[in-house]
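A.B. asks: My structure is below; once you've seen it, I'll send some questions.
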Amino acid sequence: MNLSISLTVNGQQRVIELDDPRTTLLDLLRERLDLTGTKKGCDRGQCGACTILADGKRINSCLALALSYDGADLVTIEGVANGDTLHPVQAAFIAHDGFQCGFCTPGQIMSAIGLIAEGQAGDDPERIREGLSGNLCRCGAYNGIVEAVLEAQAHSTGAKTRDAA
Ligand code: FES
Ligand code: FES
């Protein structure tokens, strides 16, 4: 059985030999590629701390078998800033105090980026809460998170409008 997979991770092509066909993307990212920004909370699909984008869609990387993602384009929290310039969602989280301990924050940010890209966020706080309901935060930073998504969403809509003009 060929246990070699090829992935694009944060824009870089990686070819990885897997020792175990059951390796999850989360373990591969953290333990093999040293990308520890993606957090392991529950390791069973219930907390969202491990959220990344795979081919533009948000997934729980703890439930994703790496072998099934051969050829995929992955983005982790390490890949969203542009050099020293934060991604607008990262900047909005800071501006609105969208984190306290910060453990859930990478997953929240990745999920928020996915939500905005899906065009699901809108300007309705309840829809944002629903859209991020798979991401748990024990500190209860939810109000700041929703405000951050509202602001980032408004920027992204503005950017699209400007691009279209
Ligand atoms: S660590 Fe993946 S959902 Fe909790
Ligand atoms: S900021 Fe602490 S768990 Fe979310």
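Following the order of the structure tokens, chains are lettered A, B, ..., residues in each are numbered from 1, and ligands are numbered from 1.
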Can you check which residues of chain A DSSP gives as strand (DSSP E) on the backbone and send them as JSON, numbers by chain?
C.D. replies: {"A": [4, 5, 6, 7, 8, 9, 12, 13, 14, 15, 16, 17, 51, 52, 53, 54, 57, 58, 59, 60, 73, 74, 75]}
A.B. asks: Save out the residues we just selected, C-alpha atoms, as a PDB file, in the first residue's frame.
C.D. replies:
```pdb
ATOM      1  CA  SER A   4       2.822   8.623   0.341  1.00  0.00           C
ATOM      2  CA  ILE A   5       0.602  11.660  -0.115  1.00  0.00           C
ATOM      3  CA  SER A   6       1.088  15.006  -1.726  1.00  0.00           C
ATOM      4  CA  LEU A   7      -0.429  18.113  -0.189  1.00  0.00           C
ATOM      5  CA  THR A   8      -0.236  21.838  -0.674  1.00  0.00           C
ATOM      6  CA  VAL A   9       0.032  23.322   2.800  1.00  0.00           C
ATOM      7  CA  GLN A  12       3.892  24.942  -0.185  1.00  0.00           C
ATOM      8  CA  GLN A  13       3.974  21.597  -1.914  1.00  0.00           C
ATOM      9  CA  ARG A  14       4.686  18.754   0.510  1.00  0.00           C
ATOM     10  CA  VAL A  15       5.167  15.046  -0.157  1.00  0.00           C
ATOM     11  CA  ILE A  16       4.737  13.041   3.015  1.00  0.00           C
ATOM     12  CA  GLU A  17       5.276   9.369   3.814  1.00  0.00           C
ATOM     13  CA  THR A  51     -10.579  23.636  12.075  1.00  0.00           C
ATOM     14  CA  ILE A  52      -8.602  24.184   8.882  1.00  0.00           C
ATOM     15  CA  LEU A  53      -9.552  24.858   5.263  1.00  0.00           C
ATOM     16  CA  ALA A  54      -9.276  21.989   2.791  1.00  0.00           C
ATOM     17  CA  LYS A  57     -13.911  24.369   2.860  1.00  0.00           C
ATOM     18  CA  ARG A  58     -13.676  24.301   6.635  1.00  0.00           C
ATOM     19  CA  ILE A  59     -13.169  20.870   8.138  1.00  0.00           C
ATOM     20  CA  ASN A  60     -12.381  19.347  11.508  1.00  0.00           C
ATOM     21  CA  ASP A  73      -4.886  22.324  -0.825  1.00  0.00           C
ATOM     22  CA  LEU A  74      -4.795  23.015   2.925  1.00  0.00           C
ATOM     23  CA  VAL A  75      -4.701  26.311   4.751  1.00  0.00           C
TER      24      VAL A  75
END
```
A.B. asks: Find the spatial neighbours of Arg32 of chain A, counting only C-alpha atoms, within a cut-off of 10 Å - ignore same-chain residues fewer than 4 positions away - and output them as a list in words.
C.D. replies: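 Counting only the stated atoms, we get Ile16, Glu17, Leu18, Leu25, Leu26, Asp27, Leu28 and Thr36 of chain A.
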A.B. asks: Using C-alpha atoms, can you export the residues from the last selection as an mmCIF file, in the first residue's frame?
C.D. replies:
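Writing done, so here's selection06.cif:
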```cif
data_model
loop_
_atom_site.group_PDB
_atom_site.id
_atom_site.type_symbol
_atom_site.label_atom_id
_atom_site.label_comp_id
_atom_site.auth_asym_id
_atom_site.auth_seq_id
_atom_site.Cartn_x
_atom_site.Cartn_y
_atom_site.Cartn_z
ATOM 1 C CA ILE A 16 4.737 13.041 3.015
ATOM 2 C CA GLU A 17 5.276 9.369 3.814
ATOM 3 C CA LEU A 18 2.737 8.212 6.373
ATOM 4 C CA LEU A 25 -4.610 15.632 9.144
ATOM 5 C CA LEU A 26 -4.469 17.173 12.603
ATOM 6 C CA ASP A 27 -1.688 14.852 13.763
ATOM 7 C CA LEU A 28 0.118 15.198 10.465
ATOM 8 C CA THR A 36 1.090 23.568 15.935
#
```
A.B. asks: May I have the residues within 6 Å of ligand 1, computed using only C-alpha atoms and all ligand atoms, as a VMD selection string?
C.D. replies: chain A and resid 40 to 50 60 to 62
A.B. asks: Can you tell me which residues come within 9 Å of ligand 2 when counting only C-alpha atoms and all ligand atoms, ideally as a CSV table (one decimal) with all heavy atoms, in the first residue's frame?
C.D. replies:
```
chain,number,residue,atom,x,y,z
A,49,ALA,N,-11.7,23.2,17.6
A,49,ALA,CA,-10.3,23.8,17.8
A,49,ALA,C,-9.4,23.4,16.6
A,49,ALA,O,-8.4,24.1,16.4
A,49,ALA,CB,-9.7,23.3,19.1
A,98,GLY,N,-11.8,39.1,20.7
A,98,GLY,CA,-12.5,37.9,20.4
A,98,GLY,C,-11.8,36.6,20.9
A,98,GLY,O,-12.2,35.5,20.6
A,99,PHE,N,-10.9,36.8,21.8
A,99,PHE,CA,-10.3,35.6,22.5
A,99,PHE,C,-9.9,36.0,23.9
A,99,PHE,O,-9.6,37.2,24.2
A,99,PHE,CB,-9.0,35.2,21.7
A,99,PHE,CG,-8.0,36.2,21.5
A,99,PHE,CD1,-7.0,36.4,22.4
A,99,PHE,CD2,-8.0,37.0,20.3
A,99,PHE,CE1,-6.0,37.4,22.2
A,99,PHE,CE2,-7.1,38.0,20.1
A,99,PHE,CZ,-6.1,38.2,21.0
A,100,GLN,N,-9.8,35.0,24.7
A,100,GLN,CA,-9.3,35.2,26.1
A,100,GLN,C,-8.1,34.3,26.3
A,100,GLN,O,-7.0,34.7,26.2
A,100,GLN,CB,-10.4,35.0,27.1
A,100,GLN,CG,-11.4,36.2,27.0
A,100,GLN,CD,-12.6,36.1,27.9
A,100,GLN,OE1,-12.4,35.6,29.1
A,100,GLN,NE2,-13.7,36.6,27.5
A,101,CYS,N,-8.4,33.0,26.5
A,101,CYS,CA,-7.2,32.1,26.6
A,101,CYS,C,-6.5,31.9,25.3
A,101,CYS,O,-5.4,31.6,25.2
A,101,CYS,CB,-7.5,30.8,27.3
A,101,CYS,SG,-8.3,29.6,26.2
A,102,GLY,N,-7.4,32.0,24.2
A,102,GLY,CA,-6.8,31.8,22.9
A,102,GLY,C,-6.7,30.4,22.3
A,102,GLY,O,-6.4,30.3,21.2
A,103,PHE,N,-7.0,29.4,23.2
A,103,PHE,CA,-6.8,28.1,22.7
A,103,PHE,C,-7.8,27.7,21.5
A,103,PHE,O,-7.4,27.1,20.5
A,103,PHE,CB,-7.0,27.1,23.8
A,103,PHE,CG,-6.6,25.7,23.4
A,103,PHE,CD1,-5.3,25.3,23.5
A,103,PHE,CD2,-7.6,24.7,23.0
A,103,PHE,CE1,-4.9,24.0,23.2
A,103,PHE,CE2,-7.2,23.5,22.6
A,103,PHE,CZ,-5.9,23.1,22.7
A,104,CYS,N,-9.0,28.2,21.6
A,104,CYS,CA,-9.9,27.9,20.5
A,104,CYS,C,-9.8,28.9,19.3
A,104,CYS,O,-10.4,28.7,18.3
A,104,CYS,CB,-11.4,28.0,21.1
A,104,CYS,SG,-11.9,29.7,21.4
A,105,THR,N,-9.0,29.9,19.5
A,105,THR,CA,-9.0,31.0,18.6
A,105,THR,C,-8.6,30.6,17.1
A,105,THR,O,-9.2,31.1,16.2
A,105,THR,CB,-8.1,32.2,19.1
A,105,THR,OG1,-8.5,32.5,20.4
A,105,THR,CG2,-8.3,33.4,18.3
A,108,GLN,N,-11.5,29.1,15.6
A,108,GLN,CA,-12.6,30.1,15.4
A,108,GLN,C,-12.2,31.0,14.2
A,108,GLN,O,-13.1,31.3,13.4
A,108,GLN,CB,-12.7,31.0,16.6
A,108,GLN,CG,-13.0,30.3,17.9
A,108,GLN,CD,-14.4,30.1,18.2
A,108,GLN,OE1,-15.3,30.3,17.3
A,108,GLN,NE2,-14.8,29.7,19.4
A,135,ASN,N,-17.8,25.5,16.8
A,135,ASN,CA,-16.6,26.0,17.5
A,135,ASN,C,-16.9,26.4,18.9
A,135,ASN,O,-17.6,27.4,19.1
A,135,ASN,CB,-15.9,27.1,16.7
A,135,ASN,CG,-15.4,26.7,15.4
A,135,ASN,OD1,-16.2,26.5,14.5
A,135,ASN,ND2,-14.1,26.5,15.3
A,136,LEU,N,-16.4,25.6,19.9
A,136,LEU,CA,-16.7,25.9,21.3
A,136,LEU,C,-15.6,26.8,21.9
A,136,LEU,O,-14.4,26.6,21.6
A,136,LEU,CB,-16.8,24.6,22.1
A,136,LEU,CG,-17.9,23.7,21.5
A,136,LEU,CD1,-18.0,22.5,22.4
A,136,LEU,CD2,-19.2,24.3,21.4
A,137,CYS,N,-15.9,27.7,22.8
A,137,CYS,CA,-15.0,28.5,23.5
A,137,CYS,C,-15.4,28.5,25.0
A,137,CYS,O,-16.4,29.0,25.3
A,137,CYS,CB,-15.0,29.9,22.9
A,137,CYS,SG,-14.0,31.1,24.0
A,138,ARG,N,-14.5,27.9,25.8
A,138,ARG,CA,-14.9,27.8,27.2
A,138,ARG,C,-14.8,29.1,27.9
A,138,ARG,O,-15.4,29.3,29.0
A,138,ARG,CB,-13.9,26.8,27.9
A,138,ARG,CG,-14.2,25.4,27.5
A,138,ARG,CD,-13.3,24.5,28.3
A,138,ARG,NE,-13.3,23.2,27.5
A,138,ARG,CZ,-12.4,22.4,27.5
A,138,ARG,NH1,-11.2,22.6,28.2
A,138,ARG,NH2,-12.5,21.3,26.8
A,139,CYS,N,-14.1,30.1,27.4
A,139,CYS,CA,-14.0,31.4,28.1
A,139,CYS,C,-15.2,32.2,27.8
A,139,CYS,O,-15.4,33.3,28.4
A,139,CYS,CB,-12.8,32.1,27.6
A,139,CYS,SG,-11.3,31.2,27.6
A,140,GLY,N,-16.0,31.9,26.8
A,140,GLY,CA,-17.2,32.7,26.5
A,140,GLY,C,-16.9,34.0,25.8
A,140,GLY,O,-17.5,35.0,26.1
A,141,ALA,N,-15.9,33.9,24.9
A,141,ALA,CA,-15.6,35.1,24.1
A,141,ALA,C,-16.5,35.3,22.9
A,141,ALA,O,-16.2,36.1,22.0
A,141,ALA,CB,-14.1,35.0,23.7
A,142,TYR,N,-17.6,34.7,23.0
A,142,TYR,CA,-18.5,34.7,21.8
A,142,TYR,C,-18.9,36.1,21.3
A,142,TYR,O,-19.0,36.3,20.1
A,142,TYR,CB,-19.8,33.9,22.0
A,142,TYR,CG,-19.5,32.4,22.2
A,142,TYR,CD1,-19.8,31.7,23.4
A,142,TYR,CD2,-18.9,31.6,21.2
A,142,TYR,CE1,-19.5,30.4,23.6
A,142,TYR,CE2,-18.6,30.3,21.4
A,142,TYR,CZ,-18.9,29.7,22.6
A,142,TYR,OH,-18.6,28.4,22.8
```
A.B. asks: Could you check the closest approach to Asp55 of chain A for each of A:Ala148, A:Ala72, A:Val80, A:Leu115 and tell me which residue wins, using only C-alpha atoms?
C.D. replies: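 Looking only at the distances to Asp55 of chain A, the closest residue turns out to be A:Ala72.
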A.B. asks: How many Å lie between atom CA of Ile109 of chain A and atom CA of Ile77 of chain A, rounded to one decimal?
C.D. replies: 7.6 Å
A.B. asks: Do you have the atom CA of Leu86 of chain A-atom CA of Asp70 of chain A distance handy?
C.D. replies: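 Computed distance, atom CA of Leu86 of chain A to atom CA of Asp70 of chain A, equals 28.9 Å.
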A.B. asks: Given the choices A:Gly144, A:Gly37, A:Pro21, A:Gly56, which gets closest to Ala117 of chain A if the distance is worked out from only C-alpha atoms?
C.D. replies: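 The shortest atom-to-atom distance to Ala117 of chain A comes from A:Gly56.
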A.B. asks: If we count only C-alpha atoms, what is near Leu65 of chain A at a cut-off of 7 Å, once residues fewer than 2 positions away on the same chain are taken out, given as a ChimeraX atom specification?
C.D. replies: /A:22-25,63,67-68
A.B. asks: Between A:Asn143, A:Thr85, A:Ser156, A:Thr38, which has the minimum distance to Asp97 of chain A (counting only C-alpha atoms)?
C.D. replies: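 Result for the nearest residue to Asp97 of chain A: A:Asn143.
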A.B. asks: With distances taken over only C-alpha atoms, which residue among A:Gly79, A:Gly107, A:Gly71, A:Pro88 lies nearest Gly11 of chain A?
C.D. replies: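 Selected residue with least distance to Gly11 of chain A: A:Gly79.
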A.B. asks: Calculate how many Å separate atom CA of Val149 of chain A from atom CA of Lys39 of chain A, rounding to one decimal.
C.D. replies: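 Calculated distance between atom CA of Val149 of chain A and atom CA of Lys39 of chain A is 20.4 Å.
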A.B. asks: Among chain A, which residues carry a DSSP assignment of alpha helix (DSSP H), reported as a ChimeraX atom specification?
C.D. replies: /A:25-27,88-95,105-118,125-131,142-164
A.B. asks: Rank nothing, just name the residue among A:Asp20, A:Glu151, A:Asp34, A:Asp123 nearest to Glu78 of chain A, using only C-alpha atoms.
C.D. replies: A:Asp34
A.B. asks: Write out as a list in words which residues come within 8 Å of Gly131 of chain A when counting only C-alpha atoms, dropping same-chain ones fewer than 2 positions away.
C.D. replies: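 In the requested format, the answer is Leu115, Gln120, Ala121, Arg127, Ile128, Arg129, Ser133 and Gly134 of chain A.
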